[in-house]
>>> print(open('structure_18.pdb').read())   # PDB, C-alpha atoms and all ligand atoms
MODEL        1
ATOM      1  CA  MET Q   1     131.317  73.217   4.804
ATOM      2  CA  THR Q   2     132.072  71.478   8.084
ATOM      3  CA  ALA Q   3     134.319  73.232  10.560
ATOM      4  CA  ARG Q   4     137.593  71.744  11.636
ATOM      5  CA  ILE Q   5     137.359  70.555  15.256
ATOM      6  CA  ILE Q   6     140.105  72.026  17.431
ATOM      7  CA  ASP Q   7     141.218  69.102  19.605
ATOM      8  CA  GLY Q   8     141.962  70.559  23.037
ATOM      9  CA  LYS Q   9     142.827  67.112  24.384
ATOM     10  CA  VAL Q  10     145.677  66.618  21.939
ATOM     11  CA  ILE Q  11     146.985  70.189  22.202
ATOM     12  CA  ALA Q  12     146.850  70.112  26.031
ATOM     13  CA  ALA Q  13     148.633  66.740  26.182
ATOM     14  CA  GLU Q  14     151.390  68.080  23.934
ATOM     15  CA  LEU Q  15     151.756  71.179  26.150
ATOM     16  CA  ARG Q  16     151.867  69.063  29.337
ATOM     17  CA  GLY Q  17     154.611  66.985  27.728
ATOM     18  CA  ARG Q  18     156.680  70.110  27.037
ATOM     19  CA  VAL Q  19     156.135  71.330  30.625
ATOM     20  CA  ALA Q  20     157.274  67.931  31.970
ATOM     21  CA  ASP Q  21     160.465  68.159  29.863
ATOM     22  CA  GLU Q  22     161.247  71.634  31.221
ATOM     23  CA  VAL Q  23     160.464  70.562  34.799
ATOM     24  CA  ALA Q  24     162.901  67.664  34.398
ATOM     25  CA  ARG Q  25     165.513  70.143  33.134
ATOM     26  CA  VAL Q  26     165.188  72.593  36.056
ATOM     27  CA  ARG Q  27     165.188  69.721  38.528
ATOM     28  CA  ARG Q  28     168.374  68.334  36.978
ATOM     29  CA  ASP Q  29     170.245  71.594  36.330
ATOM     30  CA  HIS Q  30     169.048  73.709  39.261
ATOM     31  CA  GLN Q  31     167.802  71.228  41.890
ATOM     32  CA  LEU Q  32     164.491  73.084  41.746
ATOM     33  CA  THR Q  33     161.175  71.205  41.920
ATOM     34  CA  PRO Q  34     158.292  73.571  41.069
ATOM     35  CA  GLY Q  35     155.418  73.208  43.549
ATOM     36  CA  LEU Q  36     151.734  74.093  43.294
ATOM     37  CA  ALA Q  37     149.374  74.504  46.252
ATOM     38  CA  VAL Q  38     145.654  74.269  45.576
ATOM     39  CA  VAL Q  39     143.179  75.406  48.217
ATOM     40  CA  LEU Q  40     139.615  74.083  48.079
ATOM     41  CA  VAL Q  41     137.018  75.458  50.484
ATOM     42  CA  GLY Q  42     133.819  73.455  50.860
ATOM     43  CA  ASN Q  43     132.695  70.496  48.776
ATOM     44  CA  ASP Q  44     131.234  71.770  45.528
ATOM     45  CA  PRO Q  45     131.287  68.601  43.349
ATOM     46  CA  ALA Q  46     132.459  70.375  40.169
ATOM     47  CA  SER Q  47     135.301  72.086  42.070
ATOM     48  CA  GLU Q  48     136.328  68.746  43.603
ATOM     49  CA  VAL Q  49     136.651  67.243  40.121
ATOM     50  CA  TYR Q  50     138.818  70.173  38.940
ATOM     51  CA  VAL Q  51     141.025  70.054  42.028
ATOM     52  CA  ARG Q  52     141.613  66.308  41.688
ATOM     53  CA  SER Q  53     142.553  66.762  38.046
ATOM     54  CA  LYS Q  54     144.982  69.574  38.968
ATOM     55  CA  HIS Q  55     146.605  67.344  41.596
ATOM     56  CA  THR Q  56     147.057  64.382  39.223
ATOM     57  CA  GLN Q  57     148.393  66.451  36.337
ATOM     58  CA  THR Q  58     150.776  68.443  38.547
ATOM     59  CA  GLN Q  59     152.370  65.242  39.802
ATOM     60  CA  ALA Q  60     152.433  63.732  36.303
ATOM     61  CA  ALA Q  61     154.475  66.750  35.152
ATOM     62  CA  GLY Q  62     157.077  66.054  37.852
ATOM     63  CA  MET Q  63     156.057  68.947  40.102
ATOM     64  CA  ALA Q  64     155.144  68.892  43.785
ATOM     65  CA  SER Q  65     151.427  69.166  44.537
ATOM     66  CA  PHE Q  66     150.041  70.372  47.854
ATOM     67  CA  GLU Q  67     146.308  70.052  48.403
ATOM     68  CA  HIS Q  68     144.511  71.930  51.182
ATOM     69  CA  LYS Q  69     140.852  71.124  51.785
ATOM     70  CA  LEU Q  70     139.017  73.358  54.232
ATOM     71  CA  PRO Q  71     135.443  73.101  55.490
ATOM     72  CA  ALA Q  72     132.822  75.412  53.941
ATOM     73  CA  ASP Q  73     132.460  77.234  57.277
ATOM     74  CA  VAL Q  74     136.191  78.041  57.657
ATOM     75  CA  SER Q  75     136.763  81.539  59.029
ATOM     76  CA  GLU Q  76     138.355  84.199  56.878
ATOM     77  CA  GLY Q  77     141.154  84.465  59.457
ATOM     78  CA  ASP Q  78     142.013  80.754  59.173
ATOM     79  CA  LEU Q  79     142.023  80.898  55.362
ATOM     80  CA  LEU Q  80     144.232  84.024  55.401
ATOM     81  CA  ALA Q  81     146.602  82.276  57.836
ATOM     82  CA  LEU Q  82     146.926  79.320  55.436
ATOM     83  CA  ILE Q  83     147.661  81.678  52.517
ATOM     84  CA  ALA Q  84     150.319  83.451  54.605
ATOM     85  CA  ARG Q  85     151.966  80.089  55.333
ATOM     86  CA  LEU Q  86     151.932  79.148  51.626
ATOM     87  CA  ASN Q  87     153.330  82.590  50.704
ATOM     88  CA  HIS Q  88     156.341  81.810  52.921
ATOM     89  CA  ASP Q  89     156.741  78.109  52.064
ATOM     90  CA  PRO Q  90     159.840  77.737  49.827
ATOM     91  CA  ARG Q  91     158.460  74.485  48.329
ATOM     92  CA  VAL Q  92     155.419  76.350  46.970
ATOM     93  CA  HIS Q  93     155.772  78.488  43.815
ATOM     94  CA  GLY Q  94     152.124  78.626  42.778
ATOM     95  CA  ILE Q  95     149.015  79.196  44.907
ATOM     96  CA  LEU Q  96     145.526  78.664  43.537
ATOM     97  CA  VAL Q  97     142.397  79.216  45.601
ATOM     98  CA  GLN Q  98     139.613  77.393  43.811
ATOM     99  CA  LEU Q  99     136.660  79.637  42.954
ATOM    100  CA  PRO Q 100     133.853  80.200  43.618
ATOM    101  CA  LEU Q 101     134.333  80.552  47.380
ATOM    102  CA  PRO Q 102     131.424  80.134  49.804
ATOM    103  CA  LYS Q 103     129.413  83.360  50.071
ATOM    104  CA  THR Q 104     130.571  83.935  53.662
ATOM    105  CA  LEU Q 105     134.119  84.652  52.415
ATOM    106  CA  HIS Q 106     135.129  87.867  50.669
ATOM    107  CA  THR Q 107     136.845  86.710  47.460
ATOM    108  CA  GLU Q 108     138.681  89.995  46.869
ATOM    109  CA  THR Q 109     140.261  89.936  50.350
ATOM    110  CA  ILE Q 110     141.439  86.354  49.822
ATOM    111  CA  ILE Q 111     142.892  86.965  46.338
ATOM    112  CA  ASN Q 112     144.674  90.116  47.533
ATOM    113  CA  ALA Q 113     146.432  88.085  50.248
ATOM    114  CA  ILE Q 114     148.231  85.836  47.726
ATOM    115  CA  ASP Q 115     151.861  86.765  46.986
ATOM    116  CA  PRO Q 116     151.654  88.145  43.394
ATOM    117  CA  ALA Q 117     154.820  86.178  42.513
ATOM    118  CA  LYS Q 118     152.918  82.952  43.353
ATOM    119  CA  ASP Q 119     149.559  84.032  41.879
ATOM    120  CA  VAL Q 120     149.314  81.401  39.124
ATOM    121  CA  ASP Q 121     145.669  82.344  38.499
ATOM    122  CA  GLY Q 122     146.746  85.882  37.537
ATOM    123  CA  LEU Q 123     143.893  87.320  39.599
ATOM    124  CA  HIS Q 124     145.825  89.533  42.031
ATOM    125  CA  PRO Q 125     145.429  93.226  41.095
ATOM    126  CA  ASN Q 126     149.201  93.430  40.665
ATOM    127  CA  ASN Q 127     149.111  90.817  37.879
ATOM    128  CA  ALA Q 128     145.789  91.961  36.390
ATOM    129  CA  GLY Q 129     147.116  95.528  36.275
ATOM    130  CA  ARG Q 130     150.437  94.487  34.772
ATOM    131  CA  LEU Q 131     148.621  92.526  32.060
ATOM    132  CA  ALA Q 132     146.349  95.496  31.313
ATOM    133  CA  GLY Q 133     149.414  97.755  31.137
ATOM    134  CA  GLY Q 134     151.130  95.459  28.649
ATOM    135  CA  PHE Q 135     153.841  94.425  31.131
ATOM    136  CA  ALA Q 136     155.042  90.893  31.873
ATOM    137  CA  ALA Q 137     152.575  89.200  34.245
ATOM    138  CA  LEU Q 138     151.224  85.878  35.404
ATOM    139  CA  SER Q 139     148.017  85.654  33.337
ATOM    140  CA  PRO Q 140     144.845  83.646  33.978
ATOM    141  CA  CYS Q 141     145.056  80.091  32.663
ATOM    142  CA  THR Q 142     141.831  79.795  30.683
ATOM    143  CA  PRO Q 143     142.545  82.883  28.513
ATOM    144  CA  LEU Q 144     146.114  81.625  27.944
ATOM    145  CA  GLY Q 145     144.603  78.342  26.763
ATOM    146  CA  CYS Q 146     142.252  80.214  24.417
ATOM    147  CA  ILE Q 147     145.207  81.983  22.777
ATOM    148  CA  ILE Q 148     147.132  78.711  22.313
ATOM    149  CA  LEU Q 149     144.066  77.053  20.731
ATOM    150  CA  THR Q 150     143.612  80.047  18.411
ATOM    151  CA  LYS Q 151     147.252  79.831  17.363
ATOM    152  CA  SER Q 152     146.773  76.164  16.462
ATOM    153  CA  VAL Q 153     144.600  77.543  13.636
ATOM    154  CA  HIS Q 154     146.206  80.938  12.880
ATOM    155  CA  ALA Q 155     149.961  81.367  13.342
ATOM    156  CA  SER Q 156     149.334  85.117  13.623
ATOM    157  CA  ILE Q 157     146.122  86.888  14.636
ATOM    158  CA  GLU Q 158     147.488  90.371  14.010
ATOM    159  CA  GLY Q 159     144.807  92.667  12.623
ATOM    160  CA  MET Q 160     142.012  90.088  12.890
ATOM    161  CA  ASN Q 161     138.603  91.063  14.296
ATOM    162  CA  ALA Q 162     137.988  89.281  17.586
ATOM    163  CA  ILE Q 163     134.884  89.419  19.765
ATOM    164  CA  VAL Q 164     135.008  88.395  23.416
ATOM    165  CA  ILE Q 165     131.536  87.730  24.830
ATOM    166  CA  GLY Q 166     131.828  87.865  28.633
ATOM    167  CA  ARG Q 167     133.740  90.174  30.971
ATOM    168  CA  SER Q 168     134.640  88.096  34.025
ATOM    169  CA  ASN Q 169     137.911  88.678  35.884
ATOM    170  CA  LEU Q 170     138.884  85.054  35.280
ATOM    171  CA  VAL Q 171     138.239  84.890  31.521
ATOM    172  CA  GLY Q 172     136.742  87.766  29.501
ATOM    173  CA  ARG Q 173     138.753  90.748  30.746
ATOM    174  CA  PRO Q 174     142.204  89.090  30.710
ATOM    175  CA  LEU Q 175     141.441  87.458  27.339
ATOM    176  CA  VAL Q 176     140.796  90.926  25.874
ATOM    177  CA  GLN Q 177     144.241  92.035  27.079
ATOM    178  CA  LEU Q 178     146.012  88.951  25.698
ATOM    179  CA  LEU Q 179     144.305  89.474  22.315
ATOM    180  CA  LEU Q 180     145.406  93.124  22.290
ATOM    181  CA  ASN Q 181     148.973  91.984  22.995
ATOM    182  CA  GLU Q 182     148.655  89.810  19.861
ATOM    183  CA  ASN Q 183     147.569  92.908  17.893
ATOM    184  CA  ALA Q 184     144.019  91.719  17.278
ATOM    185  CA  THR Q 185     141.172  94.247  16.988
ATOM    186  CA  VAL Q 186     138.957  93.454  19.952
ATOM    187  CA  THR Q 187     135.260  93.994  20.605
ATOM    188  CA  ILE Q 188     134.211  93.424  24.223
ATOM    189  CA  ALA Q 189     130.610  92.225  24.476
ATOM    190  CA  HIS Q 190     128.519  90.704  27.256
ATOM    191  CA  SER Q 191     125.038  89.572  28.200
ATOM    192  CA  ARG Q 192     123.706  93.143  28.014
ATOM    193  CA  SER Q 193     125.211  93.998  24.630
ATOM    194  CA  ARG Q 194     122.697  95.079  22.011
ATOM    195  CA  ASP Q 195     122.488  93.022  18.810
ATOM    196  CA  LEU Q 196     125.170  90.479  19.568
ATOM    197  CA  ALA Q 197     124.374  88.678  16.318
ATOM    198  CA  LYS Q 198     125.400  91.739  14.312
ATOM    199  CA  LEU Q 199     128.596  92.196  16.358
ATOM    200  CA  CYS Q 200     129.519  88.523  15.862
ATOM    201  CA  ALA Q 201     128.974  88.740  12.098
ATOM    202  CA  GLN Q 202     132.094  90.961  11.868
ATOM    203  CA  ALA Q 203     134.340  88.652  13.854
ATOM    204  CA  ASP Q 204     137.066  86.378  12.493
ATOM    205  CA  LEU Q 205     137.579  85.081  16.044
ATOM    206  CA  VAL Q 206     134.683  84.458  18.439
ATOM    207  CA  TYR Q 207     135.293  83.787  22.145
ATOM    208  CA  ALA Q 208     132.128  82.783  23.992
ATOM    209  CA  ALA Q 209     132.490  83.093  27.773
ATOM    210  CA  VAL Q 210     129.115  84.216  29.101
ATOM    211  CA  GLY Q 211     127.947  81.043  30.835
ATOM    212  CA  ARG Q 212     124.662  80.807  28.923
ATOM    213  CA  PRO Q 213     124.036  77.443  27.281
ATOM    214  CA  GLU Q 214     124.120  77.572  23.449
ATOM    215  CA  MET Q 215     123.525  81.323  23.371
ATOM    216  CA  VAL Q 216     125.692  81.946  20.295
ATOM    217  CA  ARG Q 217     123.806  80.642  17.262
ATOM    218  CA  GLY Q 218     125.235  79.318  14.006
ATOM    219  CA  ASP Q 219     123.660  82.079  11.913
ATOM    220  CA  TRP Q 220     125.421  84.752  13.999
ATOM    221  CA  LEU Q 221     128.822  83.662  12.713
ATOM    222  CA  LYS Q 222     130.887  84.971   9.844
ATOM    223  CA  PRO Q 223     131.503  82.030   7.476
ATOM    224  CA  GLY Q 224     134.924  80.547   8.192
ATOM    225  CA  ALA Q 225     135.255  82.136  11.664
ATOM    226  CA  THR Q 226     137.303  80.454  14.385
ATOM    227  CA  VAL Q 227     135.095  79.790  17.420
ATOM    228  CA  ILE Q 228     136.526  79.220  20.900
ATOM    229  CA  ASP Q 229     133.805  78.086  23.313
ATOM    230  CA  VAL Q 230     134.728  78.663  26.975
ATOM    231  CA  GLY Q 231     131.284  77.695  28.322
ATOM    232  CA  ILE Q 232     130.805  74.632  30.520
ATOM    233  CA  ASN Q 233     127.080  74.450  31.307
ATOM    234  CA  ARG Q 234     125.559  71.432  33.014
ATOM    235  CA  ILE Q 235     122.112  70.665  31.631
ATOM    236  CA  PRO Q 236     120.087  68.277  33.833
ATOM    237  CA  VAL Q 237     118.957  65.081  32.105
ATOM    238  CA  PRO Q 238     116.192  63.160  33.930
ATOM    239  CA  GLY Q 239     117.562  59.845  35.205
ATOM    240  CA  ALA Q 240     121.042  60.404  33.771
ATOM    241  CA  LYS Q 241     124.240  62.388  34.287
ATOM    242  CA  PRO Q 242     123.948  66.083  33.366
ATOM    243  CA  LYS Q 243     124.893  66.921  29.792
ATOM    244  CA  LEU Q 244     127.745  69.391  29.245
ATOM    245  CA  VAL Q 245     127.098  72.078  26.657
ATOM    246  CA  GLY Q 246     129.032  75.183  25.745
ATOM    247  CA  ASP Q 247     127.950  78.779  25.151
ATOM    248  CA  VAL Q 248     127.784  78.072  21.397
ATOM    249  CA  ALA Q 249     125.149  75.989  19.574
ATOM    250  CA  PHE Q 250     127.767  73.511  18.381
ATOM    251  CA  GLN Q 251     125.831  71.622  15.674
ATOM    252  CA  GLU Q 252     124.663  74.864  14.043
ATOM    253  CA  ALA Q 253     128.114  76.425  14.262
ATOM    254  CA  LEU Q 254     129.758  73.392  12.616
ATOM    255  CA  ASP Q 255     128.114  74.291   9.295
ATOM    256  CA  VAL Q 256     129.345  77.906   9.306
ATOM    257  CA  ALA Q 257     132.595  78.157  11.278
ATOM    258  CA  GLY Q 258     136.028  77.369   9.871
ATOM    259  CA  ALA Q 259     137.248  75.866  13.136
ATOM    260  CA  ILE Q 260     135.590  75.296  16.514
ATOM    261  CA  THR Q 261     136.403  73.901  19.956
ATOM    262  CA  PRO Q 262     134.094  71.139  21.283
ATOM    263  CA  VAL Q 263     132.648  71.019  24.829
ATOM    264  CA  PRO Q 264     133.983  68.954  26.504
ATOM    265  CA  GLY Q 265     137.405  68.395  24.939
ATOM    266  CA  GLY Q 266     138.237  71.978  24.003
ATOM    267  CA  VAL Q 267     139.177  74.869  26.277
ATOM    268  CA  GLY Q 268     138.642  72.911  29.520
ATOM    269  CA  GLN Q 269     141.620  70.677  28.794
ATOM    270  CA  MET Q 270     143.874  73.671  28.299
ATOM    271  CA  THR Q 271     143.197  75.391  31.614
ATOM    272  CA  VAL Q 272     145.068  72.888  33.789
ATOM    273  CA  ALA Q 273     147.878  72.568  31.237
ATOM    274  CA  CYS Q 274     148.354  76.358  31.383
ATOM    275  CA  LEU Q 275     148.279  76.234  35.188
ATOM    276  CA  LEU Q 276     151.307  73.931  34.991
ATOM    277  CA  VAL Q 277     152.979  76.410  32.625
ATOM    278  CA  ASN Q 278     152.327  79.278  35.068
ATOM    279  CA  THR Q 279     153.650  77.273  38.028
ATOM    280  CA  LEU Q 280     156.851  76.457  36.143
ATOM    281  CA  ARG Q 281     157.230  80.111  35.083
ATOM    282  CA  ALA Q 282     156.609  81.327  38.648
ATOM    283  CA  ALA Q 283     159.196  78.887  40.063
ATOM    284  CA  CYS Q 284     161.837  80.028  37.559
ATOM    285  CA  ALA Q 285     161.092  83.721  38.191
ATOM    286  CA  ILE Q 286     161.222  83.316  41.993
ATOM    287  CA  HIS Q 287     164.636  81.630  41.671
ATOM    288  CA  GLY Q 288     165.997  84.173  39.182
ATOM    289  CA  LEU Q 289     166.272  81.588  36.389
ATOM    290  CA  PRO Q 290     165.613  82.454  32.735
ATOM    291  CA  ALA Q 291     161.998  82.018  31.608
ATOM    292  CA  PRO Q 292     161.366  78.368  30.593
ATOM    293  CA  ALA Q 293     160.912  77.445  26.921
ATOM    294  CA  VAL Q 294     157.148  76.918  27.275
TER     295      VAL Q 294
HETATM  296  N1  LIG D   1     137.124  77.840  38.980
HETATM  297  C1  LIG D   1     136.917  77.550  37.680
HETATM  298  N2  LIG D   1     138.019  77.835  36.945
HETATM  299  C2  LIG D   1     138.926  78.319  37.812
HETATM  300  C3  LIG D   1     140.271  78.797  37.654
HETATM  301  O1  LIG D   1     140.848  78.831  36.571
HETATM  302  N3  LIG D   1     140.868  79.216  38.796
HETATM  303  C4  LIG D   1     140.255  79.194  39.990
HETATM  304  N4  LIG D   1     140.929  79.637  41.036
HETATM  305  N5  LIG D   1     139.027  78.772  40.175
HETATM  306  C5  LIG D   1     138.365  78.326  39.084
ENDMDL
END
>>> encode(input="structure_18.pdb", output="structure tokens")
Amino acid sequence: MTARIIDGKVIAAELRGRVADEVARVRRDHQLTPGLAVVLVGNDPASEVYVRSKHTQTQAAGMASFEHKLPADVSEGDLLALIARLNHDPRVHGILVQLPLPKTLHTETIINAIDPAKDVDGLHPNNAGRLAGGFAALSPCTPLGCIILTKSVHASIEGMNAIVIGRSNLVGRPLVQLLLNENATVTIAHSRSRDLAKLCAQADLVYAAVGRPEMVRGDWLKPGATVIDVGINRIPVPGAKPKLVGDVAFQEALDVAGAITPVPGGVGQMTVACLLVNTLRAACAIHGLPAPAV
């Protein structure tokens, strides 16, 4: 058996198209142009690539994009002052501070300063707590993308066994909450879990988000499982560009899984598309409009 490849590129493009349609509608009917501000501190090359892609796709969807690049040695006070300005700027409905931040800055202090209504990363404790409580919240983009990709295979995941490997604030923990909201049965595992292979063997849905290249092996999987690989690991290749690999041994998994996301071309594509969704939702909520149809 060869697994079906879940094409994140196609699914993300379709989602971006639906966001663009809704943006056009709120611009026409409500004279509201959703705006996203992205803050990049320092010049980490991977972060620069992400930020550029966010800028391009935000504009392509018909939204306003505001980019703020600050030097790596910016003071916490200056960064907090910028966030305060964005919190009060009526053109800005979403604020994203690209992570990771330089070690000199205290990430928690920075995240806590973002207006929860504009927190399109869903990282503010207000949103994280609302999500964990089962209340409406802005939720982190990568986990939202994982759910959409899963639903491209299974219309309903109610009652299915899911395992989430990884417990980061940005992916693992919120993904667990979104899966619970979908009535899945969720196992939370991580790099210290004992006998991961045995835990995976029970799972209909496997979410790998540990950041360890090809850690999940093909023979760990239940035959027919749906595998969502969140890992983006850069493996150095002498004399060439680094190779991107996921947290799952893709070639091995192909023979066992029912469906699997590739790296690249899987989850990564969905994250920015879901950021556009969150920005549109935030803009509508701030202006008291009904939730958009995406
Ligand atoms: N760095 C990698 N992914 C993300 C993300 O989704 N949000 C932020 N803020 N930083 C990231």
>>> atom_distance(input="structure_18.pdb", atom1="CA of Lys54 (chain Q)", atom2="CA of His154 (chain Q)")
28.5 Å
>>> residues_around(input="structure_18.pdb", residues="Asn87 (chain Q)", least_positions_apart="4", cutoff="9 Å", atoms="all atoms listed in the file", output="list in words")
Leu82, Ile83, Val92, His93, Gly94, Ile95, Ala113, Ile114, Asp115 and Lys118 of chain Q
>>> write_last_selection(input="structure_18.pdb", atoms="C-alpha atoms", output="PDB file, in the coordinates of the input")
ATOM      1  CA  LEU Q  82     146.926  79.320  55.436  1.00  0.00           C
ATOM      2  CA  ILE Q  83     147.661  81.678  52.517  1.00  0.00           C
ATOM      3  CA  VAL Q  92     155.419  76.350  46.970  1.00  0.00           C
ATOM      4  CA  HIS Q  93     155.772  78.488  43.815  1.00  0.00           C
ATOM      5  CA  GLY Q  94     152.124  78.626  42.778  1.00  0.00           C
ATOM      6  CA  ILE Q  95     149.015  79.196  44.907  1.00  0.00           C
ATOM      7  CA  ALA Q 113     146.432  88.085  50.248  1.00  0.00           C
ATOM      8  CA  ILE Q 114     148.231  85.836  47.726  1.00  0.00           C
ATOM      9  CA  ASP Q 115     151.861  86.765  46.986  1.00  0.00           C
ATOM     10  CA  LYS Q 118     152.918  82.952  43.353  1.00  0.00           C
TER      11      LYS Q 118
END
>>> residues_around(input="structure_18.pdb", residues="Gln59 (chain Q)", least_positions_apart="5", cutoff="12 Å", atoms="all atoms listed in the file", output="PyMOL selection string")
chain Q and resi 16+19-20+23+33-37+52-54+64-67+276
>>> write_last_selection(input="structure_18.pdb", atoms="C-alpha atoms", output="PDB file, keeping the file's coordinate frame")
ATOM      1  CA  ARG Q  16     151.867  69.063  29.337  1.00  0.00           C
ATOM      2  CA  VAL Q  19     156.135  71.330  30.625  1.00  0.00           C
ATOM      3  CA  ALA Q  20     157.274  67.931  31.970  1.00  0.00           C
ATOM      4  CA  VAL Q  23     160.464  70.562  34.799  1.00  0.00           C
ATOM      5  CA  THR Q  33     161.175  71.205  41.920  1.00  0.00           C
ATOM      6  CA  PRO Q  34     158.292  73.571  41.069  1.00  0.00           C
ATOM      7  CA  GLY Q  35     155.418  73.208  43.549  1.00  0.00           C
ATOM      8  CA  LEU Q  36     151.734  74.093  43.294  1.00  0.00           C
ATOM      9  CA  ALA Q  37     149.374  74.504  46.252  1.00  0.00           C
ATOM     10  CA  ARG Q  52     141.613  66.308  41.688  1.00  0.00           C
ATOM     11  CA  SER Q  53     142.553  66.762  38.046  1.00  0.00           C
ATOM     12  CA  LYS Q  54     144.982  69.574  38.968  1.00  0.00           C
ATOM     13  CA  ALA Q  64     155.144  68.892  43.785  1.00  0.00           C
ATOM     14  CA  SER Q  65     151.427  69.166  44.537  1.00  0.00           C
ATOM     15  CA  PHE Q  66     150.041  70.372  47.854  1.00  0.00           C
ATOM     16  CA  GLU Q  67     146.308  70.052  48.403  1.00  0.00           C
ATOM     17  CA  LEU Q 276     151.307  73.931  34.991  1.00  0.00           C
TER      18      LEU Q 276
END
>>> resolve_selection(input="structure_18.pdb", expression="the PyMOL selection byres (((chain Q and resi 185) around 9) and not hetatm)", output="PyMOL selection string")
chain Q and resi 158-163+179-180+183-184+186-187
>>> residues_near_point(input="structure_18.pdb", point="(136.6, 75.2, 56.2)", cutoff="12 Å", atoms="only C-alpha atoms", output="ChimeraX atom specification")
/Q:39-43,68-80,82,101-102,104-105
>>> axis_aligned_box(input="structure_18.pdb", around="region 139-152 of chain Q", padding_each_side="4 Å", output="AutoDock Vina command-line options")
--center_x 144.9 --center_y 80.9 --center_z 25.2 --size_x 14.2 --size_y 17.5 --size_z 25.5
>>> resolve_selection(input="structure_18.pdb", expression="the PyMOL selection byres (((chain Q and resi 196-201) around 12) and not hetatm)", output="PyMOL selection string")
chain Q and resi 161-166+186-195+202-208+215-227+248+256-257
>>> resolve_selection(input="structure_18.pdb", expression="the PyMOL selection byres (((not hetatm)) within 9 of (chain D and resi 1))", output="CSV table (one decimal) with C-alpha atoms, keeping the file's coordinate frame")
chain,number,residue,atom,x,y,z
Q,38,VAL,CA,145.7,74.3,45.6
Q,39,VAL,CA,143.2,75.4,48.2
Q,46,ALA,CA,132.5,70.4,40.2
Q,47,SER,CA,135.3,72.1,42.1
Q,50,TYR,CA,138.8,70.2,38.9
Q,95,ILE,CA,149.0,79.2,44.9
Q,96,LEU,CA,145.5,78.7,43.5
Q,97,VAL,CA,142.4,79.2,45.6
Q,98,GLN,CA,139.6,77.4,43.8
Q,99,LEU,CA,136.7,79.6,43.0
Q,100,PRO,CA,133.9,80.2,43.6
Q,101,LEU,CA,134.3,80.6,47.4
Q,120,VAL,CA,149.3,81.4,39.1
Q,121,ASP,CA,145.7,82.3,38.5
Q,122,GLY,CA,146.7,85.9,37.5
Q,123,LEU,CA,143.9,87.3,39.6
Q,140,PRO,CA,144.8,83.6,34.0
Q,141,CYS,CA,145.1,80.1,32.7
Q,142,THR,CA,141.8,79.8,30.7
Q,170,LEU,CA,138.9,85.1,35.3
Q,171,VAL,CA,138.2,84.9,31.5
Q,268,GLY,CA,138.6,72.9,29.5
Q,271,THR,CA,143.2,75.4,31.6
Q,272,VAL,CA,145.1,72.9,33.8
Q,275,LEU,CA,148.3,76.2,35.2
>>> residues_near_point(input="structure_18.pdb", point="(149.0, 80.4, 22.9)", cutoff="12 Å", atoms="only C-alpha atoms", output="ChimeraX atom specification")
/Q:11-12,15,139,141-157,175,178-179,181-182,267,270-271,273-274,277,294
>>> closest_residue(input="structure_18.pdb", among="Q:Arg212, Q:Ala84, Q:His55, Q:Phe135", to="Ile111 (chain Q)", atoms="all atoms listed in the file")
Q:Ala84
>>> atom_distance(input="structure_18.pdb", atom1="CA of Gly258 (chain Q)", atom2="CA of Arg234 (chain Q)")
26.1 Å
>>> residues_around(input="structure_18.pdb", residues="Ile6 (chain Q)", least_positions_apart="5", cutoff="8 Å", atoms="only C-alpha atoms", output="PyMOL selection string")
chain Q and resi 149+152+259-262+266
>>> write_last_selection(input="structure_18.pdb", atoms="C-alpha atoms", output="PDB file, keeping the file's coordinate frame")
ATOM      1  CA  LEU Q 149     144.066  77.053  20.731  1.00  0.00           C
ATOM      2  CA  SER Q 152     146.773  76.164  16.462  1.00  0.00           C
ATOM      3  CA  ALA Q 259     137.248  75.866  13.136  1.00  0.00           C
ATOM      4  CA  ILE Q 260     135.590  75.296  16.514  1.00  0.00           C
ATOM      5  CA  THR Q 261     136.403  73.901  19.956  1.00  0.00           C
ATOM      6  CA  PRO Q 262     134.094  71.139  21.283  1.00  0.00           C
ATOM      7  CA  GLY Q 266     138.237  71.978  24.003  1.00  0.00           C
TER       8      GLY Q 266
END
>>> atom_distance(input="structure_18.pdb", atom1="CA of Asp7 (chain Q)", atom2="CA of Glu22 (chain Q)")
23.3 Å
>>> residues_around(input="structure_18.pdb", residues="His287 (chain Q)", least_positions_apart="3", cutoff="10 Å", atoms="only C-alpha atoms", output="list in words")
His30, Leu32, His93, Ala282, Ala283, Cys284 and Pro290 of chain Q
>>> closest_residue(input="structure_18.pdb", among="Q:His124, Q:Arg91, Q:Lys9, Q:Arg4", to="Thr107 (chain Q)", atoms="all atoms listed in the file")
Q:His124
>>> residues_around(input="structure_18.pdb", residues="Asn233 (chain Q)", least_positions_apart="3", cutoff="6 Å", atoms="only C-alpha atoms", output="count of residues only")
4
